[in-house]
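Raw contents of run_9.txt, compact mmCIF, C-alpha atoms:
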# COMPACT_ATOMS: atom_id res chain seq x y z
CA MET A 1 0.00 0.00 0.00
CA GLU A 2 1.36 3.42 -0.95
CA ILE A 3 1.61 5.95 1.87
CA GLY A 4 0.50 9.48 0.99
CA PRO A 5 2.22 12.66 2.22
CA ARG A 6 -0.43 13.33 4.89
CA THR A 7 -0.22 9.79 6.25
CA ALA A 8 3.57 9.93 6.26
CA ALA A 9 3.50 13.24 8.13
CA THR A 10 1.15 11.74 10.71
CA ILE A 11 3.44 8.73 11.21
CA VAL A 12 6.46 11.01 11.66
CA ALA A 13 4.56 13.13 14.20
CA VAL A 14 3.47 10.08 16.19
CA MET A 15 6.98 8.62 16.17
CA SER A 16 8.47 11.95 17.25
CA PHE A 17 6.03 12.14 20.14
CA ALA A 18 6.88 8.56 21.16
CA VAL A 19 10.59 9.44 21.17
CA PHE A 20 9.80 12.50 23.29
CA LEU A 21 7.91 10.36 25.79
CA GLY A 22 10.88 8.02 25.95
CA PHE A 23 13.08 10.91 27.01
CA VAL A 24 10.75 12.14 29.75
CA SER A 25 9.36 8.85 31.06
CA ALA A 26 12.21 8.14 33.51
CA ASP A 27 14.51 10.29 35.63
CA PRO A 28 16.13 13.22 33.77
CA ASP A 29 19.63 12.72 32.45
CA MET A 30 22.49 13.77 34.70
CA LEU A 31 24.44 16.90 33.76
CA GLN A 32 27.71 16.01 35.50
CA ASP A 33 29.99 13.00 35.81
CA VAL A 34 29.25 12.25 39.46
CA CYS A 35 26.75 13.54 42.02
CA VAL A 36 26.86 11.34 45.13
CA ALA A 37 23.74 12.05 47.21
CA ASP A 38 24.15 14.18 50.30
CA LEU A 39 21.41 12.51 52.35
CA THR A 40 22.04 14.81 55.31
CA SER A 41 21.21 17.98 53.41
CA ARG A 42 18.19 19.96 54.57
CA LYS A 43 17.43 21.16 51.06
CA SER A 44 14.04 20.00 49.85
CA ILE A 45 13.38 18.21 46.57
CA HIS A 46 11.17 21.16 45.59
CA ALA A 47 14.05 23.57 46.09
CA LEU A 48 16.36 21.28 44.16
CA SER A 49 13.97 21.24 41.21
CA MET A 50 14.88 24.86 40.67
CA GLN A 51 18.55 23.96 40.15
CA ALA A 52 19.42 23.09 36.56
CA ASN A 53 22.22 20.67 37.43
CA VAL A 54 20.46 18.43 39.99
CA ASN A 55 17.62 15.95 39.45
CA GLY A 56 17.69 14.31 42.87
CA PHE A 57 19.51 14.97 46.12
CA PRO A 58 22.21 17.66 46.35
CA CYS A 59 25.74 16.50 45.63
CA LYS A 60 28.25 15.70 48.36
CA GLU A 61 31.32 17.89 48.23
CA THR A 62 33.64 14.98 49.01
CA PHE A 63 33.15 11.26 48.32
CA ASN A 64 35.08 8.05 47.78
CA GLU A 65 34.71 4.54 46.37
CA THR A 66 32.47 3.38 49.23
CA ASP A 67 29.74 5.71 47.96
CA PHE A 68 29.58 3.60 44.79
CA PHE A 69 29.37 0.24 46.60
CA PHE A 70 26.37 -1.51 48.16
CA ASP A 71 25.97 -5.09 49.42
CA GLY A 72 22.44 -4.86 50.82
CA LEU A 73 21.02 -7.33 48.30
CA ALA A 74 23.62 -10.04 48.81
CA LYS A 75 21.69 -12.10 51.36
CA PRO A 76 18.05 -13.23 51.63
CA GLY A 77 15.82 -11.18 53.91
CA PRO A 78 13.52 -12.59 56.62
CA THR A 79 10.12 -13.74 55.34
CA ASN A 80 8.50 -14.75 58.63
CA ASN A 81 5.59 -12.32 58.36
CA THR A 82 1.90 -12.39 57.44
CA PHE A 83 2.52 -12.31 53.70
CA GLY A 84 5.69 -14.41 53.55
CA PHE A 85 7.57 -11.71 51.66
CA VAL A 86 10.25 -9.10 52.25
CA VAL A 87 11.88 -6.59 49.91
CA ASN A 88 15.26 -4.91 50.27
CA THR A 89 15.94 -1.90 48.07
CA ALA A 90 19.07 -0.46 46.52
CA ASN A 91 17.82 3.03 45.76
CA VAL A 92 19.34 6.46 46.24
CA GLU A 93 18.17 6.65 49.86
CA LYS A 94 20.39 3.66 50.73
CA PHE A 95 22.96 3.80 47.93
CA PRO A 96 24.05 7.44 47.47
CA GLY A 97 26.15 6.71 44.38
CA LEU A 98 22.92 6.17 42.41
CA ASN A 99 22.00 9.83 42.68
CA THR A 100 21.08 11.32 39.25
CA LEU A 101 21.80 8.01 37.46
CA GLY A 102 18.15 7.06 36.93
CA LEU A 103 18.38 3.42 38.02
CA SER A 104 17.96 1.22 41.08
CA LEU A 105 17.45 -2.40 42.12
CA SER A 106 15.51 -4.37 44.69
CA ARG A 107 15.62 -7.92 46.00
CA GLY A 108 12.41 -9.74 46.86
CA ASP A 109 12.47 -12.87 49.03
CA TYR A 110 9.47 -15.17 49.27
CA ALA A 111 8.56 -17.86 51.74
CA PRO A 112 6.74 -20.87 50.25
CA TYR A 113 3.54 -19.47 48.68
CA GLY A 114 4.53 -15.96 49.82
CA LEU A 115 2.92 -12.92 48.22
CA ASN A 116 4.20 -9.50 47.19
CA ARG A 117 0.85 -7.75 47.49
CA PRO A 118 -0.70 -5.69 44.66
CA HIS A 119 1.19 -2.41 44.43
CA SER A 120 2.53 0.13 41.94
CA HIS A 121 5.69 2.12 41.26
CA PRO A 122 4.63 5.63 40.22
CA ARG A 123 8.04 6.70 38.91
CA ALA A 124 9.42 3.63 37.12
CA SER A 125 8.87 0.54 35.04
CA GLU A 126 10.15 -2.69 36.59
CA LEU A 127 11.99 -5.64 35.10
CA VAL A 128 11.58 -8.71 37.35
CA PHE A 129 14.32 -11.36 37.15
CA VAL A 130 13.91 -14.66 39.02
CA LEU A 131 16.98 -15.78 40.97
CA TYR A 132 15.40 -19.05 42.07
CA GLY A 133 11.95 -20.53 42.54
CA GLU A 134 8.81 -20.17 40.45
CA LEU A 135 6.48 -17.20 40.65
CA GLU A 136 3.21 -16.03 39.22
CA VAL A 137 3.53 -12.40 38.16
CA GLY A 138 0.87 -10.14 36.74
CA PHE A 139 -0.21 -6.57 36.11
CA ILE A 140 -3.47 -4.80 35.32
CA THR A 141 -3.74 -2.09 32.67
CA THR A 142 -5.74 1.12 33.06
CA GLY A 143 -8.34 -0.60 30.87
CA ASN A 144 -8.68 -3.32 33.56
CA VAL A 145 -7.04 -6.00 31.42
CA PHE A 146 -5.08 -8.55 33.44
CA PHE A 147 -1.80 -9.98 32.10
CA THR A 148 -0.15 -12.82 34.00
CA LYS A 149 2.66 -15.32 33.49
CA THR A 150 4.46 -17.97 35.52
CA ILE A 151 8.23 -17.43 35.45
CA LYS A 152 11.13 -19.44 36.87
CA ALA A 153 14.85 -19.08 37.52
CA GLY A 154 16.63 -17.12 34.78
CA GLU A 155 13.41 -15.73 33.29
CA MET A 156 12.12 -12.14 33.27
CA PHE A 157 8.85 -10.23 33.16
CA VAL A 158 8.45 -6.49 32.58
CA ILE A 159 5.87 -4.34 34.36
CA PRO A 160 5.04 -0.97 32.78
CA ARG A 161 5.41 2.16 34.88
CA GLY A 162 2.66 2.95 37.37
CA LEU A 163 0.50 -0.15 36.77
CA ILE A 164 -0.82 -2.29 39.63
CA HIS A 165 1.03 -5.60 39.83
CA PHE A 166 1.96 -8.49 42.14
CA GLN A 167 4.24 -11.50 42.47
CA LYS A 168 3.37 -14.76 44.22
CA ASN A 169 5.58 -17.75 44.97
CA LYS A 170 3.79 -20.76 43.50
CA GLY A 171 5.88 -23.45 45.14
CA PRO A 172 6.61 -25.13 48.50
CA THR A 173 10.21 -23.83 48.53
CA PRO A 174 11.60 -20.29 48.91
CA ALA A 175 11.95 -17.98 45.90
CA ALA A 176 13.83 -14.77 45.17
CA THR A 177 13.76 -12.04 42.54
CA ILE A 178 15.76 -9.01 41.49
CA GLY A 179 13.78 -5.99 40.32
CA ALA A 180 15.42 -3.38 38.07
CA PHE A 181 13.94 0.12 37.84
CA ASN A 182 14.57 3.05 35.50
CA SER A 183 14.50 5.49 38.41
CA GLN A 184 16.83 6.10 41.34
CA LEU A 185 13.72 6.28 43.57
CA ALA A 186 10.85 4.38 41.96
CA GLY A 187 8.43 4.73 44.88
CA THR A 188 6.09 1.95 46.01
CA GLN A 189 2.42 2.26 46.84
CA SER A 190 0.72 -0.82 48.28
CA ILE A 191 -2.91 -0.69 47.22
CA ALA A 192 -4.48 -2.19 50.34
CA THR A 193 -2.24 -0.22 52.71
CA ALA A 194 -2.81 3.04 50.86
CA LEU A 195 -6.58 2.70 51.08
CA PHE A 196 -7.03 1.14 54.52
CA ALA A 197 -4.02 2.37 56.49
CA ALA A 198 -3.52 5.94 55.29
CA LYS A 199 -2.96 8.73 57.83
CA PRO A 200 -5.31 10.55 58.21
CA THR A 201 -7.66 7.68 57.44
CA VAL A 202 -9.82 7.46 54.35
CA PRO A 203 -13.47 7.83 55.51
CA ASP A 204 -15.20 4.53 56.19
CA ASP A 205 -18.22 5.42 54.08
CA VAL A 206 -16.01 6.12 51.06
CA LEU A 207 -14.37 2.69 51.30
CA ALA A 208 -17.65 0.95 52.11
CA THR A 209 -19.31 2.38 49.01
CA ALA A 210 -16.29 1.78 46.78
CA PHE A 211 -15.94 -1.88 47.77
CA GLN A 212 -19.66 -2.52 48.37
CA ILE A 213 -19.11 -3.64 51.96
CA ASP A 214 -20.36 -2.24 55.26
CA THR A 215 -18.45 0.07 57.57
CA GLN A 216 -17.88 -2.68 60.13
CA GLN A 217 -16.00 -4.68 57.50
CA VAL A 218 -13.99 -1.57 56.64
CA GLU A 219 -12.97 -1.20 60.29
CA MET A 220 -11.97 -4.87 60.46
CA ILE A 221 -9.73 -4.48 57.41
CA LYS A 222 -8.21 -1.28 58.80
CA ALA A 223 -7.43 -3.02 62.06
CA LYS A 224 -5.66 -5.87 60.27
CA LEU A 225 -3.56 -3.50 58.14
CA ALA A 226 -2.74 -1.00 60.87
CA PRO A 227 1.02 -0.66 61.54
CA LYS A 228 2.17 -2.94 64.33
CA SER A 229 3.55 -0.96 67.27

Just give me the structure as structure tokens.
Amino acid sequence: MEIGPRTAATIVAVMSFAVFLGFVSADPDMLQDVCVADLTSRKSIHALSMQANVNGFPCKETFNETDFFFDGLAKPGPTNNTFGFVVNTANVEKFPGLNTLGLSLSRGDYAPYGLNRPHSHPRASELVFVLYGELEVGFITTGNVFFTKTIKAGEMFVIPRGLIHFQKNKGPTPAATIGAFNSQLAGTQSIATALFAAKPTVPDDVLATAFQIDTQQVEMIKAKLAPKS
């Protein structure tokens, strides 16, 4: 089929817009060789946004090789909790050398049949790599379409930025994953915790109507998800 000038122009415009989105979808590019995060600075992120050469935390004046090293993902974390899951993160808040680089990692450890509850990462897409075990992974699009796949050691599954997703260990033995993010601070919002354990609390009648349950059930769920003192 021959493509006319108007159609060709439309295709070019769409492709140009897609390229533009690719540039702005993750953290901005760094404008210097190194900017190790000064996590003790009192400068706010809002104030930093006004500085042309910083897209994260302010830069430390002095730094050394230890700022570019992190071993927090080397060992499994404890999974003896209600959901049989724990995550350890290697983001800029723990690994200052990541500042302005637009990337981070996490390690998820799963007890047998453990669950990483439905959640989202508002600032990054995630690439899940299975270290060992077998997991069911899935995400839901904004059109409420559910995509799911069972993956095992050495396999990967990608989760688009901001979409609700989960991972569940399908087997009777422990499992572990590495998550790679295109942001130095991807952010995590657990759906159940956000709705039922927010401070101040979301009104009971709002949750009762949204989930078609009564307020007593809302209070029961809130009590179960309340932070343990």

Exercise. Which distance in Å separates CA of Pro58 in chain A and CA of Ala124 in chain A, to one decimal?
Worked result: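 If I compute the distance from CA of Pro58 in chain A to CA of Ala124 in chain A, I get 21.1 Å.
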
For this session: Can you work out the spacing between CA of Ala176 in chain A and CA of Phe157 in chain A in Å, to one decimal?
Result: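 If I compute the distance from CA of Ala176 in chain A to CA of Phe157 in chain A, I get 13.8 Å.
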
Exercise. Which residues come within 8 Å of range 87-95 of chain A, counting only C-alpha atoms, excluding same-chain residues fewer than 3 positions away, as a ChimeraX atom specification?
Worked result: /A:37,39,67-70,72-73,77,98-99,103-109,184-185

For this session: Work out how far CA of Ala111 in chain A is from CA of Val86 in chain A, in Å to one decimal.
Result: 8.9 Å

For this session: May I have the residues at most 12 Å from (24.2, 14.8, 56.7) in the file's coordinates, counting all atoms listed in the file, as a list in words?
Result: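 In the file's frame, the residues around the point are Ala37, Asp38, Leu39, Thr40, Ser41, Arg42, Lys43, Phe57, Pro58, Cys59, Lys60, Glu61 and Pro96 of chain A.
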
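Nearest to Pro112 in chain A of all the residues A:Pro203, A:Pro227, A:Gly187, A:Gly133 is A:Gly133, based on all atoms listed in the file.
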
Problem set entry | Residue nearest Lys228 in chain A among A:Gln189, A:Gln212, A:Ala197, A:Ser183 (counting only C-alpha atoms) |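 When distances to Lys228 in chain A are compared using only C-alpha atoms, the smallest one comes from A:Ala197.
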
For this session: Find, counting all atoms listed in the file, the residue in A:Thr201, A:Gln32, A:Thr177, A:Thr142 that gets nearest to Leu101 in chain A.
Result: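 The answer is A:Gln32, which sits nearest to Leu101 in chain A.
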
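Across A:Val36, A:Phe181, A:Glu65, A:Lys222, the tightest approach to Lys199 in chain A is made by A:Lys222 when counting only C-alpha atoms.
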
Problem set entry | Minimum-distance residue to Glu134 in chain A, chosen among A:Thr193, A:Asn80, A:Gln167, A:Thr100 (using all atoms listed in the file) |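 Smallest separation from Glu134 in chain A among the options: A:Gln167.
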
Provide an axis-aligned box for all listed atoms of range 157-166 of chain A, padding each side by 4 Å; report its centre and its edge lengths in Å to one decimal, as JSON.
{"center_x": 4.0, "center_y": -3.6, "center_z": 37.4, "size_x": 17.7, "size_y": 21.2, "size_z": 17.6}

For this session: Identify, on the basis of all atoms listed in the file, every residue whose closest approach to Leu127 in chain A does not exceed 7 Å; exclude the query and any residue fewer than 4 positions from it along the same chain; express the result as JSON, numbers by chain.
Result: {"A": [156, 157, 158, 159, 179, 180, 181]}

Exercise. Which of these, A:Gly162, A:Gly84, A:Gly138, A:Gly102, has the shortest distance to His121 in chain A once you count all atoms listed in the file?
Worked result: A:Gly162
